[in-house]
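Chemist: entry-v9.pdb (PDB, C-alpha atoms, pLDDT in the B column) pasted underneath:
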ATOM      1  CA  MET O  28      66.701 -39.668  54.617  1.00 32.00           C
ATOM      2  CA  ASP O  29      64.532 -40.367  51.566  1.00 40.00           C
ATOM      3  CA  GLU O  30      61.680 -42.805  51.249  1.00 40.00           C
ATOM      4  CA  ASN O  31      62.457 -45.428  48.614  1.00 43.00           C
ATOM      5  CA  MET O  32      60.433 -48.589  47.984  1.00 48.00           C
ATOM      6  CA  ALA O  33      57.708 -49.497  50.483  1.00 53.00           C
ATOM      7  CA  GLY O  34      59.205 -49.736  53.939  1.00 77.00           C
ATOM      8  CA  SER O  35      62.702 -48.676  52.830  1.00 85.00           C
ATOM      9  CA  SER O  36      64.717 -45.669  53.881  1.00 89.00           C
ATOM     10  CA  VAL O  37      67.717 -44.217  52.060  1.00 93.00           C
ATOM     11  CA  ILE O  38      70.388 -42.514  54.128  1.00 93.00           C
ATOM     12  CA  ASP O  39      73.181 -40.367  52.702  1.00 94.00           C
ATOM     13  CA  VAL O  40      76.495 -41.365  54.319  1.00 96.00           C
ATOM     14  CA  PRO O  41      79.245 -38.965  53.213  1.00 96.00           C
ATOM     15  CA  THR O  42      82.326 -40.476  54.947  1.00 95.00           C
ATOM     16  CA  SER O  43      83.703 -43.632  56.566  1.00 94.00           C
ATOM     17  CA  GLU O  44      83.338 -41.957  59.959  1.00 96.00           C
ATOM     18  CA  ALA O  45      79.671 -41.279  59.205  1.00 97.00           C
ATOM     19  CA  MET O  46      79.259 -44.960  58.233  1.00 96.00           C
ATOM     20  CA  VAL O  47      80.670 -46.063  61.609  1.00 96.00           C
ATOM     21  CA  ASP O  48      78.391 -43.581  63.390  1.00 96.00           C
ATOM     22  CA  PHE O  49      75.363 -44.826  61.450  1.00 96.00           C
ATOM     23  CA  GLY O  50      76.277 -48.393  62.447  1.00 96.00           C
ATOM     24  CA  ARG O  51      76.481 -47.420  66.112  1.00 94.00           C
ATOM     25  CA  ARG O  52      73.061 -45.770  65.995  1.00 94.00           C
ATOM     26  CA  LEU O  53      71.507 -48.692  64.151  1.00 94.00           C
ATOM     27  CA  ALA O  54      72.981 -51.177  66.652  1.00 93.00           C
ATOM     28  CA  GLY O  55      71.105 -49.442  69.440  1.00 90.00           C
ATOM     29  CA  ARG O  56      67.880 -50.578  67.824  1.00 89.00           C
ATOM     30  CA  LEU O  57      68.823 -54.235  67.263  1.00 92.00           C
ATOM     31  CA  ARG O  58      67.852 -57.088  69.578  1.00 91.00           C
ATOM     32  CA  ALA O  59      68.949 -60.703  70.049  1.00 93.00           C
ATOM     33  CA  GLY O  60      67.594 -62.795  67.199  1.00 93.00           C
ATOM     34  CA  ASP O  61      67.976 -60.067  64.572  1.00 94.00           C
ATOM     35  CA  VAL O  62      69.731 -60.763  61.269  1.00 96.00           C
ATOM     36  CA  VAL O  63      71.225 -57.964  59.164  1.00 96.00           C
ATOM     37  CA  LEU O  64      72.202 -58.694  55.553  1.00 96.00           C
ATOM     38  CA  LEU O  65      74.734 -56.319  53.973  1.00 96.00           C
ATOM     39  CA  HIS O  66      74.881 -55.991  50.203  1.00 96.00           C
ATOM     40  CA  GLY O  67      77.248 -53.829  48.137  1.00 95.00           C
ATOM     41  CA  ASP O  68      80.235 -53.828  45.834  1.00 94.00           C
ATOM     42  CA  LEU O  69      83.779 -54.436  47.051  1.00 91.00           C
ATOM     43  CA  GLY O  70      84.909 -51.441  49.063  1.00 89.00           C
ATOM     44  CA  ALA O  71      81.399 -50.030  49.445  1.00 93.00           C
ATOM     45  CA  GLY O  72      81.623 -49.940  53.236  1.00 94.00           C
ATOM     46  CA  LYS O  73      79.968 -53.143  54.459  1.00 94.00           C
ATOM     47  CA  THR O  74      82.731 -54.010  56.915  1.00 93.00           C
ATOM     48  CA  THR O  75      82.977 -50.391  58.062  1.00 95.00           C
ATOM     49  CA  LEU O  76      79.252 -50.491  58.838  1.00 96.00           C
ATOM     50  CA  VAL O  77      79.700 -53.802  60.682  1.00 95.00           C
ATOM     51  CA  GLN O  78      82.503 -52.229  62.730  1.00 95.00           C
ATOM     52  CA  GLY O  79      80.164 -49.408  63.741  1.00 95.00           C
ATOM     53  CA  MET O  80      77.394 -51.846  64.671  1.00 95.00           C
ATOM     54  CA  ALA O  81      79.864 -53.933  66.663  1.00 95.00           C
ATOM     55  CA  ARG O  82      80.978 -50.844  68.609  1.00 95.00           C
ATOM     56  CA  GLY O  83      77.334 -49.962  69.225  1.00 94.00           C
ATOM     57  CA  LEU O  84      76.823 -53.489  70.568  1.00 94.00           C
ATOM     58  CA  GLY O  85      79.675 -53.181  73.042  1.00 93.00           C
ATOM     59  CA  VAL O  86      82.236 -55.268  71.158  1.00 94.00           C
ATOM     60  CA  GLU O  87      85.745 -54.389  72.272  1.00 89.00           C
ATOM     61  CA  GLY O  88      88.827 -54.943  70.168  1.00 80.00           C
ATOM     62  CA  PRO O  89      89.192 -55.102  66.401  1.00 80.00           C
ATOM     63  CA  VAL O  90      86.421 -56.352  64.139  1.00 81.00           C
ATOM     64  CA  GLN O  91      87.790 -57.462  60.803  1.00 76.00           C
ATOM     65  CA  SER O  92      86.080 -59.166  57.928  1.00 74.00           C
ATOM     66  CA  PRO O  93      86.309 -62.958  58.321  1.00 61.00           C
ATOM     67  CA  THR O  94      86.866 -63.406  54.587  1.00 62.00           C
ATOM     68  CA  PHE O  95      88.812 -66.661  54.819  1.00 57.00           C
ATOM     69  CA  THR O  96      87.176 -68.178  57.909  1.00 64.00           C
ATOM     70  CA  LEU O  97      83.643 -67.065  56.913  1.00 78.00           C
ATOM     71  CA  VAL O  98      82.611 -66.407  60.539  1.00 87.00           C
ATOM     72  CA  GLY O  99      83.874 -64.162  63.299  1.00 86.00           C
ATOM     73  CA  GLU O 100      82.187 -64.180  66.697  1.00 90.00           C
ATOM     74  CA  HIS O 101      82.431 -61.433  69.280  1.00 90.00           C
ATOM     75  CA  ALA O 102      81.121 -60.902  72.799  1.00 92.00           C
ATOM     76  CA  GLY O 103      78.859 -57.874  73.004  1.00 94.00           C
ATOM     77  CA  LEU O 104      76.003 -56.303  74.903  1.00 92.00           C
ATOM     78  CA  ASP O 105      72.472 -55.491  73.831  1.00 86.00           C
ATOM     79  CA  PRO O 106      71.164 -51.939  74.377  1.00 81.00           C
ATOM     80  CA  THR O 107      69.939 -52.921  77.870  1.00 85.00           C
ATOM     81  CA  GLY O 108      73.400 -54.184  78.873  1.00 89.00           C
ATOM     82  CA  GLN O 109      72.630 -57.898  78.587  1.00 90.00           C
ATOM     83  CA  PRO O 110      75.368 -60.107  77.068  1.00 94.00           C
ATOM     84  CA  LEU O 111      74.924 -61.261  73.479  1.00 94.00           C
ATOM     85  CA  ARG O 112      77.014 -62.690  70.659  1.00 95.00           C
ATOM     86  CA  VAL O 113      77.741 -60.698  67.526  1.00 95.00           C
ATOM     87  CA  HIS O 114      78.090 -63.153  64.643  1.00 94.00           C
ATOM     88  CA  HIS O 115      79.876 -61.567  61.667  1.00 94.00           C
ATOM     89  CA  LEU O 116      79.794 -63.613  58.475  1.00 92.00           C
ATOM     90  CA  ASP O 117      81.516 -62.751  55.203  1.00 91.00           C
ATOM     91  CA  LEU O 118      80.428 -65.035  52.377  1.00 92.00           C
ATOM     92  CA  TYR O 119      82.531 -63.378  49.649  1.00 91.00           C
ATOM     93  CA  ARG O 120      84.856 -66.370  49.202  1.00 84.00           C
ATOM     94  CA  LEU O 121      82.092 -68.950  49.457  1.00 84.00           C
ATOM     95  CA  ASP O 122      82.405 -71.196  46.397  1.00 79.00           C
ATOM     96  CA  ASP O 123      79.568 -73.594  47.115  1.00 82.00           C
ATOM     97  CA  PRO O 124      76.457 -72.649  49.110  1.00 79.00           C
ATOM     98  CA  GLU O 125      76.230 -76.263  50.293  1.00 82.00           C
ATOM     99  CA  ALA O 126      79.354 -75.559  52.371  1.00 81.00           C
ATOM    100  CA  LEU O 127      77.154 -73.368  54.577  1.00 87.00           C
ATOM    101  CA  GLU O 128      75.832 -76.525  56.206  1.00 86.00           C
ATOM    102  CA  THR O 129      79.303 -77.321  57.538  1.00 84.00           C
ATOM    103  CA  ILE O 130      79.491 -74.040  59.469  1.00 84.00           C
ATOM    104  CA  GLY O 131      75.992 -74.299  60.952  1.00 87.00           C
ATOM    105  CA  TYR O 132      74.691 -71.452  58.798  1.00 88.00           C
ATOM    106  CA  ASP O 133      71.084 -72.120  59.765  1.00 89.00           C
ATOM    107  CA  ASP O 134      71.954 -71.274  63.386  1.00 91.00           C
ATOM    108  CA  TYR O 135      73.219 -67.865  62.229  1.00 89.00           C
ATOM    109  CA  LEU O 136      69.909 -67.254  60.459  1.00 91.00           C
ATOM    110  CA  HIS O 137      68.131 -67.759  63.812  1.00 91.00           C
ATOM    111  CA  PRO O 138      70.633 -66.382  66.355  1.00 92.00           C
ATOM    112  CA  ASP O 139      68.852 -66.837  69.666  1.00 89.00           C
ATOM    113  CA  ASP O 140      72.048 -65.873  71.494  1.00 90.00           C
ATOM    114  CA  GLY O 141      72.795 -62.715  69.545  1.00 95.00           C
ATOM    115  CA  ILE O 142      72.742 -60.816  66.290  1.00 96.00           C
ATOM    116  CA  SER O 143      74.022 -61.998  62.894  1.00 95.00           C
ATOM    117  CA  LEU O 144      75.623 -59.537  60.474  1.00 96.00           C
ATOM    118  CA  ILE O 145      76.077 -61.187  57.070  1.00 95.00           C
ATOM    119  CA  GLU O 146      78.128 -59.667  54.242  1.00 94.00           C
ATOM    120  CA  TRP O 147      77.607 -60.927  50.687  1.00 93.00           C
ATOM    121  CA  PRO O 148      74.325 -62.775  51.461  1.00 93.00           C
ATOM    122  CA  GLU O 149      73.683 -63.282  47.736  1.00 92.00           C
ATOM    123  CA  ARG O 150      76.437 -65.943  47.804  1.00 90.00           C
ATOM    124  CA  ALA O 151      74.104 -68.105  49.905  1.00 89.00           C
ATOM    125  CA  GLU O 152      71.839 -68.418  46.826  1.00 84.00           C
ATOM    126  CA  GLY O 153      68.596 -67.495  48.517  1.00 79.00           C
ATOM    127  CA  TRP O 154      69.255 -69.260  51.822  1.00 85.00           C
ATOM    128  CA  LEU O 155      67.757 -66.436  53.879  1.00 88.00           C
ATOM    129  CA  PRO O 156      65.869 -66.167  57.143  1.00 91.00           C
ATOM    130  CA  GLU O 157      62.161 -65.309  57.133  1.00 90.00           C
ATOM    131  CA  ARG O 158      62.872 -62.020  58.888  1.00 92.00           C
ATOM    132  CA  PHE O 159      65.892 -59.785  58.232  1.00 94.00           C
ATOM    133  CA  LEU O 160      67.053 -56.242  57.745  1.00 95.00           C
ATOM    134  CA  LEU O 161      68.587 -55.710  54.302  1.00 95.00           C
ATOM    135  CA  ILE O 162      71.160 -52.952  53.995  1.00 97.00           C
ATOM    136  CA  ALA O 163      72.314 -52.103  50.484  1.00 97.00           C
ATOM    137  CA  ILE O 164      75.276 -49.749  50.113  1.00 97.00           C
ATOM    138  CA  ASP O 165      75.803 -47.942  46.813  1.00 96.00           C
ATOM    139  CA  TYR O 166      78.434 -45.453  45.713  1.00 94.00           C
ATOM    140  CA  ARG O 167      77.253 -41.862  45.278  1.00 92.00           C
ATOM    141  CA  GLU O 168      78.628 -39.813  42.406  1.00 88.00           C
ATOM    142  CA  GLY O 169      81.321 -37.543  43.793  1.00 84.00           C
ATOM    143  CA  GLY O 170      81.875 -39.663  46.899  1.00 86.00           C
ATOM    144  CA  GLY O 171      79.910 -40.881  49.840  1.00 93.00           C
ATOM    145  CA  ARG O 172      77.399 -43.690  49.925  1.00 96.00           C
ATOM    146  CA  ALA O 173      73.669 -44.178  49.667  1.00 96.00           C
ATOM    147  CA  VAL O 174      72.575 -46.710  52.276  1.00 97.00           C
ATOM    148  CA  THR O 175      69.160 -48.275  51.718  1.00 95.00           C
ATOM    149  CA  VAL O 176      67.628 -49.975  54.746  1.00 94.00           C
ATOM    150  CA  THR O 177      64.768 -52.385  54.021  1.00 93.00           C
ATOM    151  CA  PRO O 178      63.036 -54.486  56.687  1.00 92.00           C
ATOM    152  CA  VAL O 179      61.801 -57.887  55.448  1.00 91.00           C
ATOM    153  CA  PRO O 180      58.935 -58.427  55.951  1.00 85.00           C
ATOM    154  CA  ALA O 181      58.092 -54.735  56.144  1.00 76.00           C
ATOM    155  CA  ASN O 182      55.595 -55.282  58.955  1.00 71.00           C
ATOM    156  CA  GLY O 183      57.893 -57.652  60.873  1.00 67.00           C
ATOM    157  CA  TRP O 184      60.058 -54.905  62.391  1.00 71.00           C
ATOM    158  CA  PRO O 185      59.221 -52.162  64.886  1.00 65.00           C
ATOM    159  CA  SER O 186      58.787 -48.815  63.149  1.00 61.00           C
ATOM    160  CA  GLU O 187      61.397 -47.215  65.410  1.00 59.00           C
ATOM    161  CA  LEU O 188      64.049 -49.525  63.918  1.00 56.00           C
ATOM    162  CA  LEU O 189      64.283 -47.602  60.672  1.00 57.00           C
ATOM    163  CA  PRO O 190      66.526 -44.559  60.758  1.00 58.00           C
TER     164      PRO O 190
END
Written as structure tokens, that's how I'd like the structure from this file.
Modeler:
Amino acid sequence: MDENMAGSSVIDVPTSEAMVDFGRRLAGRLRAGDVVLLHGDLGAGKTTLVQGMARGLGVEGPVQSPTFTLVGEHAGLDPTGQPLRVHHLDLYRLDDPEALETIGYDDYLHPDDGISLIEWPERAEGWLPERFLLIAIDYREGGGRAVTVTPVPANGWPSELLP
């Protein structure tokens, strides 16, 4: 893990299996109401990371990217064993950010009943919550990924959240 910009951590993730494992570990630190934004190129590993987080949150069954429906919802458990919803959004095919109103996007930015995991958040054109965890996934030369985890605001997250 390297320190990057203020409050950020960079994790080297060499394989898809390591990405799933990282997601599981990160999920153990999330709580109801948290929003995680996932940024990266096509094929970078956003959905793989979501699958790991979903497993870490007790979601059973397959977790696939809801590219055409925009939202997938799953029953899960928080780290204390309490039920919660895992809201998985994929905004890649979003043509018009105004369409977010029709799916109740604001509720996903303040998920009292669970955790929201949002792929392609830049498609929402700045429609972001006040508090979120930004995860940027970049290709490493020769394979693997660099995963940068940035809490926003930096002082709005417990220090033990960062890997």
Chemist: On this structure, the PyMOL selection byres ((chain O and resi 143) around 10) would catch which residues? List them as a list in words, sorted by chain and number.
Modeler: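 In the shown coordinates, the PyMOL selection byres ((chain O and resi 143) around 10) covers Ala59, Gly60, Asp61, Val62, Val63, Leu64, Val98, Glu100, Arg112, Val113, His114, His115, Leu116, Asp134, Tyr135, Leu136, His137, Pro138, Asp139, Asp140, Gly141, Ile142, Leu144, Ile145, Glu146 and Phe159 of chain O.
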Chemist: Under the rule that all atoms listed in the file are counted, which of O:Gly108, O:Pro124, O:Gly67, O:Gly103 is the nearest residue to Leu155 (chain O)?
Modeler: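 Nearest to Leu155 (chain O): O:Pro124.
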Chemist: Which residues, protein or nucleic acid, reach to within 12 Å of (76.9, -41.8, 59.7) in the file's coordinates when using only C-alpha atoms, and can you give that as a ChimeraX atom specification?
Modeler: /O:28,38-53,72,75-76,79-80,171-174,190
Chemist: Counting all atoms listed in the file, figure out which residue out of O:Gly99, O:Pro148, O:Gln91, O:Pro106 gets nearest to Leu118 (chain O).
Modeler: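 Nearest to Leu118 (chain O): O:Pro148.
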Chemist: If you measure from CA of Ser92 (chain O) to CA of Ser36 (chain O), what distance in Å do you get, rounded to one decimal?
Modeler: 25.6 Å
Chemist: Would you work out the distance separating CA of Trp154 (chain O) from CA of Pro89 (chain O), expressed in Å to one decimal?
Modeler: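 We find that CA of Trp154 (chain O) and CA of Pro89 (chain O) lie 28.5 Å from each other.
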Chemist: In terms of the shortest atom-to-atom distance over only C-alpha atoms, which of O:Glu128, O:Gly55, O:Asp123, O:Trp147 is closest to Leu104 (chain O)?
Modeler: O:Gly55
Chemist: Quick one: what's the axis-aligned box for region 53-66 of chain O, all listed atoms, 5 Å on every side, centre and edges in Å to one decimal, as lines of an AutoDock Vina configuration file?
Modeler:
center_x = 71.2
center_y = -55.7
center_z = 60.1
size_x = 17.3
size_y = 24.1
size_z = 29.8
Chemist: Just to confirm, what's the straight-line distance from CA of Thr175 (chain O) to CA of Arg120 (chain O) in Å (one decimal)?
Modeler: 24.1 Å
Chemist: Find, counting all atoms listed in the file, the residue in O:Ala102, O:Val176, O:Leu97, O:Leu111 that gets nearest to Leu127 (chain O).
Modeler: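 Checking each of O:Ala102, O:Val176, O:Leu97, O:Leu111 against Leu127 (chain O), counting all atoms listed in the file, the winner is O:Leu97.
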Chemist: Need to verify the contact set: Val179 (chain O), 8 Å, only C-alpha atoms, exclusion of same-chain residues closer than 5 positions in sequence. Can you return it as a ChimeraX atom specification?
Modeler: /O:157-161,184
Chemist: Taking all atoms listed in the file into account, which of O:Glu149, O:Asp122, O:Asp117, O:Asp105 comes nearest Gly85 (chain O)?
Modeler: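 Smallest separation from Gly85 (chain O) among the options: O:Asp105.
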Chemist: With only C-alpha atoms as the basis for distance, which of O:Glu87, O:Leu121, O:Ala181, O:Val77 is at the shortest distance from Ala151 (chain O)?
Modeler: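 Looking only at the distances to Ala151 (chain O), the closest residue turns out to be O:Leu121.
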